[in-house]
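S.K.: If it helps, the file is called data27.txt and holds compact mmCIF, C-alpha atoms:
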# COMPACT_ATOMS: atom_id res chain seq x y z
CA MET E 1 0.00 0.00 0.00
CA ALA E 2 1.14 3.55 -0.70
CA GLU E 3 2.79 5.53 2.09
CA PHE E 4 0.74 8.37 3.53
CA GLU E 5 2.19 11.86 3.47
CA PRO E 6 1.46 14.41 6.20
CA LEU E 7 -0.98 17.25 5.64
CA THR E 8 0.50 20.18 3.76
CA ALA E 9 1.06 23.54 5.43
CA GLU E 10 -1.68 25.01 3.25
CA THR E 11 -4.27 22.44 4.33
CA SER E 12 -3.21 22.69 7.98
CA ALA E 13 -3.54 26.47 7.88
CA PHE E 14 -6.94 26.26 6.19
CA ILE E 15 -8.28 23.86 8.84
CA GLY E 16 -6.83 25.98 11.64
CA ALA E 17 -8.46 29.12 10.27
CA PHE E 18 -11.79 27.39 9.65
CA ILE E 19 -11.91 25.92 13.16
CA GLN E 20 -10.91 29.23 14.70
CA GLU E 21 -13.68 30.98 12.78
CA LEU E 22 -16.21 28.44 14.05
CA SER E 23 -14.89 28.81 17.60
CA ILE E 24 -15.21 32.59 17.42
CA LYS E 25 -18.78 32.31 16.15
CA ALA E 26 -19.53 29.83 18.93
CA GLU E 27 -18.42 32.44 21.47
CA GLY E 28 -20.60 35.09 19.88
CA GLY E 29 -17.83 36.94 18.02
CA ASP E 30 -17.67 38.14 14.43
CA THR E 31 -15.06 37.42 11.79
CA VAL E 32 -13.59 39.53 9.02
CA ALA E 33 -11.16 38.80 6.21
CA GLU E 34 -7.91 39.62 7.95
CA GLU E 35 -5.20 37.08 8.70
CA THR E 36 -3.74 36.84 12.19
CA PRO E 37 -0.02 36.42 12.96
CA ASP E 38 -0.72 33.01 14.51
CA LEU E 39 -2.21 31.69 11.28
CA SER E 40 0.64 33.16 9.25
CA MET E 41 3.05 31.31 11.51
CA LEU E 42 1.00 28.13 11.13
CA ALA E 43 1.32 28.26 7.36
CA ALA E 44 5.02 29.06 7.52
CA THR E 45 6.04 26.33 9.94
CA ASP E 46 3.87 23.48 8.61
CA ALA E 47 2.48 23.01 12.12
CA LEU E 48 -0.87 21.35 12.66
CA PRO E 49 -3.69 23.33 14.27
CA GLU E 50 -3.93 22.94 18.03
CA PRO E 51 -6.92 20.62 18.53
CA GLU E 52 -7.78 21.69 22.05
CA PHE E 53 -8.36 25.33 21.12
CA SER E 54 -7.31 26.35 24.62
CA ALA E 55 -6.31 29.81 23.41
CA ILE E 56 -9.52 30.54 21.50
CA ARG E 57 -11.33 33.64 22.69
CA PRO E 58 -13.84 36.12 21.24
CA LEU E 59 -11.88 38.44 18.96
CA ASN E 60 -12.34 42.00 17.85
CA HIS E 61 -12.70 42.84 14.16
CA SER E 62 -9.06 43.88 14.08
CA ASP E 63 -7.63 40.47 14.94
CA ALA E 64 -10.13 37.95 13.56
CA PRO E 65 -8.91 35.21 11.18
CA THR E 66 -9.69 34.56 7.57
CA THR E 67 -10.59 31.29 5.87
CA ALA E 68 -10.54 30.15 2.27
CA SER E 69 -14.06 31.33 1.51
CA ALA E 70 -15.10 34.94 1.12
CA ASN E 71 -18.64 34.15 2.23
CA GLY E 72 -18.53 32.57 5.68
CA ASP E 73 -22.28 31.98 5.96
CA ASP E 74 -22.35 30.21 2.59
CA LYS E 75 -19.37 28.08 3.60
CA LEU E 76 -21.03 27.05 6.86
CA ALA E 77 -24.26 26.20 5.05
CA ARG E 78 -22.40 23.98 2.59
CA LEU E 79 -20.46 22.30 5.39
CA ALA E 80 -23.68 21.63 7.31
CA ALA E 81 -25.27 20.15 4.19
CA ILE E 82 -22.32 17.81 3.58
CA LEU E 83 -22.25 16.65 7.20
CA MET E 84 -25.98 15.94 7.16
CA ASN E 85 -25.66 14.14 3.83
CA ASP E 86 -23.10 11.84 5.48
CA THR E 87 -25.82 10.65 7.89
CA LYS E 88 -28.09 9.42 5.06
CA SER E 89 -28.10 5.94 3.60
CA SER E 90 -25.61 5.16 0.86
CA GLU E 91 -28.36 4.80 -1.74
CA ASP E 92 -29.96 8.12 -0.75
CA GLN E 93 -26.60 9.86 -1.10
CA VAL E 94 -26.07 8.41 -4.57
CA ALA E 95 -29.63 9.36 -5.57
CA SER E 96 -28.82 12.98 -4.68
CA GLY E 97 -25.65 12.91 -6.78
CA GLN E 98 -23.23 12.52 -3.86
CA ILE E 99 -20.51 9.90 -3.50
CA PRO E 100 -20.99 8.13 -0.14
CA LYS E 101 -18.22 7.85 2.42
CA ALA E 102 -17.36 4.59 4.17
CA PRO E 103 -19.34 4.22 7.41
CA SER E 104 -18.24 4.78 10.98
CA ILE E 105 -19.32 1.58 12.77
CA VAL E 106 -19.97 1.21 16.50
CA ILE E 107 -20.09 -2.12 18.36
CA LEU E 108 -21.84 -2.02 21.74
CA PRO E 109 -21.13 -4.75 24.34
CA GLY E 110 -23.59 -7.03 26.08
CA SER E 111 -22.82 -5.47 29.47
CA SER E 112 -23.19 -1.82 30.38
CA SER E 113 -22.19 0.67 33.06
CA ASP E 114 -22.07 4.43 33.50
CA ASN E 115 -18.35 4.48 32.69
CA LEU E 116 -18.82 2.33 29.61
CA ARG E 117 -21.62 4.54 28.28
CA THR E 118 -19.42 7.60 28.79
CA TYR E 119 -16.56 5.95 26.91
CA TYR E 120 -18.83 5.15 23.98
CA GLN E 121 -20.28 8.64 23.86
CA SER E 122 -16.81 10.17 23.73
CA LEU E 123 -15.66 7.63 21.15
CA MET E 124 -18.59 8.40 18.85
CA ASP E 125 -18.08 12.14 19.35
CA SER E 126 -14.41 11.82 18.37
CA SER E 127 -15.49 9.97 15.23
CA SER E 128 -17.89 12.81 14.43
CA MET E 129 -14.99 15.24 14.78
CA CYS E 130 -13.09 13.08 12.30
CA GLN E 131 -16.04 13.45 9.92
CA LEU E 132 -15.92 17.23 10.37
CA TYR E 133 -12.17 17.51 9.76
CA ALA E 134 -12.30 15.17 6.75
CA ASN E 135 -14.95 17.36 5.15
CA MET E 136 -12.85 20.45 5.87
CA ILE E 137 -9.95 18.81 4.04
CA GLN E 138 -12.24 18.32 1.05
CA PHE E 139 -13.32 21.97 1.26
CA GLN E 140 -9.69 23.04 0.95
CA LYS E 141 -8.47 20.54 -1.63
CA LYS E 142 -11.59 19.79 -3.67
CA PRO E 143 -14.14 22.55 -2.95
CA GLU E 144 -16.18 21.77 -6.07
CA GLY E 145 -16.68 18.16 -4.98
CA PHE E 146 -16.63 15.15 -7.30
CA ASP E 147 -18.59 14.25 -10.42
CA ILE E 148 -20.39 11.02 -9.57
CA THR E 149 -20.52 10.04 -13.26
CA SER E 150 -16.76 10.13 -13.88
CA GLU E 151 -14.78 10.62 -10.66
CA ALA E 152 -16.01 7.92 -8.30
CA GLY E 153 -12.64 6.17 -8.03
CA SER E 154 -10.86 9.43 -7.29
CA ALA E 155 -13.53 10.34 -4.75
CA PHE E 156 -13.30 7.00 -2.91
CA LYS E 157 -9.53 7.38 -2.57
CA PHE E 158 -9.74 11.03 -1.56
CA GLN E 159 -12.39 10.39 1.09
CA ALA E 160 -10.47 7.46 2.58
CA ARG E 161 -7.29 9.50 2.69
CA ALA E 162 -9.05 12.58 4.13
CA ALA E 163 -10.50 10.58 7.03
CA TYR E 164 -7.09 9.05 7.70
CA ASP E 165 -5.45 12.49 7.57
CA ALA E 166 -8.05 13.88 9.96
CA MET E 167 -7.13 11.25 12.55
CA MET E 168 -3.39 11.52 11.99
CA GLY E 169 -3.39 15.33 11.84
CA PRO E 170 -5.80 17.57 13.79
CA LEU E 171 -7.02 14.76 16.10
CA ILE E 172 -3.78 12.90 16.70
CA SER E 173 -3.10 14.40 20.14
CA PHE E 174 -6.24 12.68 21.46
CA PHE E 175 -5.10 9.19 20.47
CA SER E 176 -2.34 6.66 21.04
CA ILE E 177 -1.57 5.31 17.57
CA SER E 178 -0.46 1.78 16.70
CA PRO E 179 0.08 1.46 12.93
CA GLY E 180 -0.79 -1.84 11.34
CA THR E 181 1.25 -3.95 8.96
CA PRO E 182 -0.11 -3.80 5.39
CA ARG E 183 -1.25 -7.12 4.00
CA THR E 184 -2.06 -8.06 0.42
CA TYR E 185 -4.50 -10.79 -0.62
CA ASN E 186 -5.00 -12.45 -3.99
CA ASP E 187 -7.58 -15.23 -3.88
CA THR E 188 -9.75 -16.75 -6.58
CA ILE E 189 -13.16 -17.39 -5.05
CA PRO E 190 -16.73 -18.05 -6.21
CA LYS E 191 -18.53 -14.78 -6.76
CA ASP E 192 -21.30 -15.66 -4.30
CA GLN E 193 -18.66 -15.99 -1.55
CA VAL E 194 -17.01 -12.60 -2.07
CA HIS E 195 -19.02 -10.86 0.63
CA GLU E 196 -18.33 -13.47 3.29
CA HIS E 197 -14.68 -13.63 2.26
CA LEU E 198 -14.21 -9.88 2.68
CA LEU E 199 -16.03 -9.80 6.02
CA GLY E 200 -13.71 -12.49 7.31
CA LYS E 201 -10.57 -10.63 6.27
CA LEU E 202 -11.83 -7.41 7.85
CA PHE E 203 -13.27 -8.65 11.14
CA ASP E 204 -12.16 -12.20 12.08
CA GLU E 205 -9.38 -10.84 14.31
CA PHE E 206 -11.99 -9.11 16.49
CA ARG E 207 -13.62 -12.45 17.44
CA PHE E 208 -17.16 -11.16 17.00
CA ASP E 209 -19.97 -13.64 17.50
CA LYS E 210 -22.21 -14.80 14.65
CA ALA E 211 -25.00 -12.30 15.38
CA THR E 212 -22.56 -9.36 15.44
CA LYS E 213 -21.02 -10.45 12.14
CA ALA E 214 -24.51 -10.64 10.64
CA ALA E 215 -25.25 -7.08 11.81
CA LEU E 216 -21.93 -5.89 10.37
CA ASP E 217 -22.89 -7.58 7.12
CA VAL E 218 -26.14 -5.60 7.06
CA GLN E 219 -24.37 -2.24 7.46
CA LEU E 220 -21.71 -3.00 4.87
CA THR E 221 -24.28 -4.42 2.44
CA GLU E 222 -26.23 -1.18 2.74
CA PHE E 223 -23.09 0.80 1.92
CA VAL E 224 -22.19 -1.41 -1.05
CA GLY E 225 -25.79 -1.18 -2.28
CA GLY E 226 -25.25 2.51 -2.94
CA LEU E 227 -21.85 1.94 -4.56
CA ALA E 228 -23.39 -0.57 -6.96
CA LYS E 229 -25.56 2.20 -8.40
CA ILE E 230 -22.52 4.26 -9.41
CA GLN E 231 -21.22 3.71 -12.94
CA THR E 232 -17.50 2.94 -12.67
CA ASP E 233 -16.77 1.14 -15.97
CA SER E 234 -15.08 4.19 -17.49
CA ASP E 235 -13.23 5.14 -14.30
CA SER E 236 -9.45 5.14 -14.77
CA ALA E 237 -8.60 4.35 -11.13
CA ASP E 238 -6.41 1.26 -10.58
CA THR E 239 -7.82 0.67 -7.11
CA PHE E 240 -10.92 1.72 -5.23
CA ASP E 241 -9.98 2.78 -1.71
CA PHE E 242 -12.22 2.80 1.36
CA MET E 243 -11.62 3.37 5.06
CA PRO E 244 -14.47 2.40 7.38
CA ARG E 245 -13.88 3.25 11.03
CA LEU E 246 -14.67 0.59 13.62
CA ASN E 247 -15.34 1.97 17.10
CA LEU E 248 -15.47 -0.23 20.18
CA VAL E 249 -14.50 -0.37 23.84
CA SER E 250 -12.69 -3.57 24.73
CA ARG E 251 -12.08 -4.61 28.31
CA THR E 252 -9.41 -6.61 30.13
CA ASN E 253 -9.61 -8.07 33.63
CA ILE E 254 -6.27 -7.18 35.19
CA SER E 255 -7.04 -8.92 38.50
CA GLY E 256 -6.93 -12.38 36.94
CA ASP E 257 -9.88 -13.34 39.15
CA ASP E 258 -13.20 -13.82 37.35
CA ASN E 259 -15.05 -13.63 40.67
CA ASP E 260 -13.47 -10.28 41.58
CA PRO E 261 -12.69 -8.59 38.26
CA ASP E 262 -10.84 -5.31 37.86
CA TRP E 263 -11.66 -4.10 34.37
CA ILE E 264 -9.49 -1.87 32.22
CA TYR E 265 -11.42 -0.32 29.32
CA ARG E 266 -9.83 0.70 26.02
CA PRO E 267 -11.98 2.97 23.84
CA THR E 268 -10.51 2.45 20.39
CA THR E 269 -11.14 3.44 16.80
CA TYR E 270 -9.72 1.11 14.16
CA LEU E 271 -8.97 2.70 10.80
CA ILE E 272 -9.55 -0.12 8.32
CA TYR E 273 -7.90 1.11 5.13
CA MET E 274 -8.41 -1.13 2.12
CA GLN E 275 -7.44 -0.84 -1.52
CA ILE E 276 -9.49 -3.08 -3.79
CA ASP E 277 -8.31 -3.81 -7.32
CA ALA E 278 -10.61 -1.95 -9.74
CA LYS E 279 -11.43 -5.07 -11.79
CA THR E 280 -12.12 -7.01 -8.59
CA PHE E 281 -14.42 -4.26 -7.36
CA ARG E 282 -16.46 -4.09 -10.56
CA GLU E 283 -16.88 -7.85 -10.86
CA SER E 284 -17.81 -8.18 -7.19
CA ILE E 285 -20.59 -5.60 -7.04
CA ASN E 286 -22.00 -6.02 -10.55
CA LYS E 287 -24.72 -8.66 -10.52
CA ASN E 288 -24.51 -8.93 -14.31
CA SER E 289 -20.74 -9.16 -14.62
CA GLY E 290 -21.00 -12.61 -16.25
CA VAL E 291 -18.30 -14.23 -14.09
CA ASP E 292 -18.68 -17.18 -11.72
CA LYS E 293 -15.37 -16.64 -9.93
CA VAL E 294 -13.55 -13.47 -8.93
CA ASP E 295 -9.81 -12.89 -8.64
CA PHE E 296 -10.17 -11.02 -5.37
CA LYS E 297 -7.16 -8.73 -5.04
CA PHE E 298 -6.96 -6.20 -2.26
CA SER E 299 -4.63 -4.72 0.34
CA LEU E 300 -5.54 -4.06 3.95
CA SER E 301 -3.99 -2.06 6.77
CA VAL E 302 -5.57 -1.56 10.20
CA THR E 303 -4.41 1.34 12.38
CA GLU E 304 -5.37 1.18 16.05
CA CYS E 305 -6.23 4.54 17.66
CA GLU E 306 -6.88 4.39 21.41
CA LEU E 307 -8.75 7.46 22.64
CA ASP E 308 -7.46 9.45 25.62
CA ILE E 309 -10.87 10.03 27.19
CA SER E 310 -9.82 12.63 29.75
CA ARG E 311 -7.94 14.69 27.17
CA PHE E 312 -10.78 14.56 24.65
CA ASP E 313 -13.44 15.39 27.23
CA LYS E 314 -11.57 18.57 28.19
CA SER E 315 -12.27 19.83 24.67
CA SER E 316 -15.72 18.31 24.22
CA GLN E 317 -17.64 21.44 25.25
CA LYS E 318 -15.76 23.52 22.70
CA PHE E 319 -16.34 20.87 20.04
CA ASP E 320 -20.02 20.88 20.95
CA LYS E 321 -20.22 24.66 20.52
CA ILE E 322 -18.61 24.34 17.09
CA PHE E 323 -21.26 21.84 16.03
CA GLN E 324 -24.00 24.08 17.41
CA VAL E 325 -22.77 26.79 15.05
CA ILE E 326 -22.92 24.31 12.17
CA ASN E 327 -26.16 22.42 12.86
CA ASN E 328 -27.86 24.24 15.77
CA LYS E 329 -28.00 20.94 17.67
CA GLY E 330 -24.51 20.14 18.91
CA LEU E 331 -21.96 17.36 18.69
CA ARG E 332 -23.85 14.63 20.55
CA ALA E 333 -26.95 15.05 18.39
CA TYR E 334 -24.83 14.71 15.25
CA SER E 335 -23.05 11.63 16.63
CA GLU E 336 -26.40 9.92 17.13
CA LEU E 337 -27.36 10.65 13.52
CA LEU E 338 -24.03 9.54 12.07
CA HIS E 339 -23.78 6.23 13.92
CA LYS E 340 -26.08 3.22 13.95
CA PRO E 341 -24.65 1.16 16.82
CA ILE E 342 -24.65 -2.63 16.64
CA GLN E 343 -25.67 -4.25 19.91
CA THR E 344 -23.92 -7.50 20.77
CA ASN E 345 -24.66 -9.88 23.63
CA GLU E 346 -21.01 -10.79 24.02
CA PRO E 347 -18.11 -9.03 25.77
CA ILE E 348 -15.92 -7.11 23.35
CA HIS E 349 -12.34 -8.27 22.94
CA ALA E 350 -9.30 -6.39 21.76
CA ARG E 351 -8.06 -7.25 18.28
CA THR E 352 -5.87 -10.35 18.36
CA SER E 353 -3.08 -9.08 16.09
CA ASN E 354 -1.86 -6.04 14.21
Would you mind giving the structure from this file in structure tokens?

M.R.:
Amino acid sequence: MAEFEPLTAETSAFIGAFIQELSIKAEGGDTVAEETPDLSMLAATDALPEPEFSAIRPLNHSDAPTTASANGDDKLARLAAILMNDTKSSEDQVASGQIPKAPSIVILPGSSSDNLRTYYQSLMDSSSMCQLYANMIQFQKKPEGFDITSEAGSAFKFQARAAYDAMMGPLISFFSISPGTPRTYNDTIPKDQVHEHLLGKLFDEFRFDKATKAALDVQLTEFVGGLAKIQTDSDSADTFDFMPRLNLVSRTNISGDDNDPDWIYRPTTYLIYMQIDAKTFRESINKNSGVDKVDFKFSLSVTECELDISRFDKSSQKFDKIFQVINNKGLRAYSELLHKPIQTNEPIHARTSN
């Protein structure tokens, strides 16, 4: 798989300015088109924007930041529309001319507690922030969006990369990162087994029970159902790239005594980056492809991102205010729209390998 490059200074500066503008609006301030020294320094040093926004304050007209758009209200309206579109079904997005992004999946455990619910709420909120930052990256790099009739392959790759960059850039200080080892698969399998084959490669290491795998199958089938309605025969892309995010809270009993457990919880987002050969993709999703077997070629890399709950929660109120500016409802309300949690009756285990 190709190596990822860090965000450019230009993109970092754009995101920093955009977030600062939203933060100022959240505090009741106004913005004007005048660049601040801090943002000039950001662009010059290739630094990433500070995710905690601890220095954000209401600014006067004389020291407010600028962003890439001359019309802030129009920019916010477009951002809100994109974020809301991301909460719709894959088929609905395609029907409206949008190219759907890979889903953010949440697995809930059979047991529950106040601490566990808090961990899941923060984990889903951090995933919503990833969605926000990824869309900001698109605003800066591809403000006109993608043509669904001719640019699907480019869009899939861009969206996967943008979500990865959002986690590795603006959000990285909230996570402990464990990069995965890329793996490449090349198997010839009956076409009617492609779906089960892919699910196994993606999720077997998580040791989910049969019911959870079936629920995962439903969510991924819904996503693929929208993709199947996009015409990709003339697309020049060599691979179609996707990066679903898998969010779960695993637990480990550090006491060693099942009768007197002492649980350690690990709220974690797994970035499941896959590159599927273009021919493989077309033959797999096209019901009329005319093939009985598929040469299933794809590469997979799973990056483990463990959330620092206390650090993230210190910024959660500011993140919530930013979302209130965007959608008038706040971060938690958006998280509930974006995610469709899968309830399992089993305890959730950590991934067995990386």

S.K.: Select, from E:Ala77, E:Leu300, E:Leu171, E:Met124, the residue with the minimum atom-to-atom distance to Ile276 (chain E), counting all atoms listed in the file.

M.R.: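 With all atoms listed in the file as the atom set, the closest residue is E:Leu300.
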
S.K.: Need to verify the contact set: Gly169 (chain E), 7 Å, all atoms listed in the file, exclusion of same-chain residues closer than 3 positions in sequence. Can you return it as a VMD selection string?

M.R.: chain E and resid 7 48 165 to 166 172

S.K.: What is the CA of Ser104 (chain E)-CA of Arg161 (chain E) distance in Å, reported with one decimal?

M.R.: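 Here the two named atoms are 14.5 Å from each other.
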
S.K.: In terms of the shortest atom-to-atom distance over only C-alpha atoms, which of E:Lys88, E:Arg282, E:Arg183, E:Lys213 is closest to Ser234 (chain E)?

M.R.: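 The answer is E:Arg282, which sits nearest to Ser234 (chain E).
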
S.K.: Which neighbours of Lys201 (chain E) fall inside 10 Å, counting only C-alpha atoms, when residues of the same chain fewer than 4 positions from it are skipped, and could you give them as a ChimeraX atom specification?

M.R.: /E:185,196-197,205,300

S.K.: Please, could you write that set of residues out with C-alpha atoms as a JSON list (two decimals), in the coordinates of the input?

M.R.:
[["chain", "number", "residue", "atom", "x", "y", "z"],
["E", 185, "TYR", "CA", -4.50, -10.79, -0.62],
["E", 196, "GLU", "CA", -18.33, -13.47, 3.29],
["E", 197, "HIS", "CA", -14.68, -13.63, 2.26],
["E", 205, "GLU", "CA", -9.38, -10.84, 14.31],
["E", 300, "LEU", "CA", -5.54, -4.06, 3.95]]

S.K.: For the atom pair CA of Arg332 (chain E) and CA of Ser126 (chain E), what is the interatomic distance in Å to one decimal place?

M.R.: 10.1 Å

S.K.: Would you kindly identify which residues have an atom no farther than 12 Å from (-20.1, -13.6, 14.7), using all atoms listed in the file and the file's own coordinates, and write them out as an NGL selection string?

M.R.: :E and (196 or 199-200 or 203-217 or 344-346 or 348)

S.K.: Measuring atom to atom with all atoms listed in the file, identify which of E:Ser250, E:Asn115, E:Asn85, E:Ser284 is nearest to Leu198 (chain E).

M.R.: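 Looking only at the distances to Leu198 (chain E), the closest residue turns out to be E:Ser284.
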
S.K.: Could you jot down the CA of Gly256 (chain E) to CA of Glu306 (chain E) separation for me, Å, one decimal place?

M.R.: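 Interatomic distance, CA of Gly256 (chain E) to CA of Glu306 (chain E): 22.9 Å.
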
S.K.: Box in all listed atoms of region 132-148 of chain E, axis-aligned, with 6 Å more on each side; write out centre and edge lengths in Å to one decimal as AutoDock Vina command-line options.

M.R.:
--center_x -14.4 --center_y 17.0 --center_z 0.0 --size_x 23.9 --size_y 24.0 --size_z 32.8

S.K.: Select, from E:Ser236, E:Ser315, E:Ser112, E:Asn286, the residue with the minimum atom-to-atom distance to Tyr265 (chain E), counting all atoms listed in the file.

M.R.: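 Ranking E:Ser236, E:Ser315, E:Ser112, E:Asn286 by distance to Tyr265 (chain E), first place goes to E:Ser112.
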
S.K.: Could you give me, as a PyMOL selection string, the residues that have an atom at most 7 Å away from the point (-7.1, -6.0, 36.9) in the coordinates of the file, using only C-alpha atoms?

M.R.: chain E and resi 253-256+261-264

S.K.: Skip Ala160 (chain E) itself and residues of its chain fewer than 5 positions away, then list as JSON, numbers by chain all residues within 10 Å of it, counting all atoms listed in the file.

M.R.: {"E": [101, 102, 134, 155, 165, 240, 241, 242, 243, 244, 271, 272, 273, 274, 275]}

S.K.: Would you mind telling me which residue in E:Thr268, E:Ser299, E:Ser23, E:Asn288 lies nearest to His349 (chain E) when using all atoms listed in the file?

M.R.: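 Going through E:Thr268, E:Ser299, E:Ser23, E:Asn288 one by one, the smallest distance to His349 (chain E) is for E:Thr268.
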
S.K.: From the set E:Thr149, E:Asn327, E:Asn247, E:Ser154, which residue has the shortest atom-to-atom contact distance to Val94 (chain E), counting all atoms listed in the file?

M.R.: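 Closest to Val94 (chain E) of all the choices is E:Thr149.
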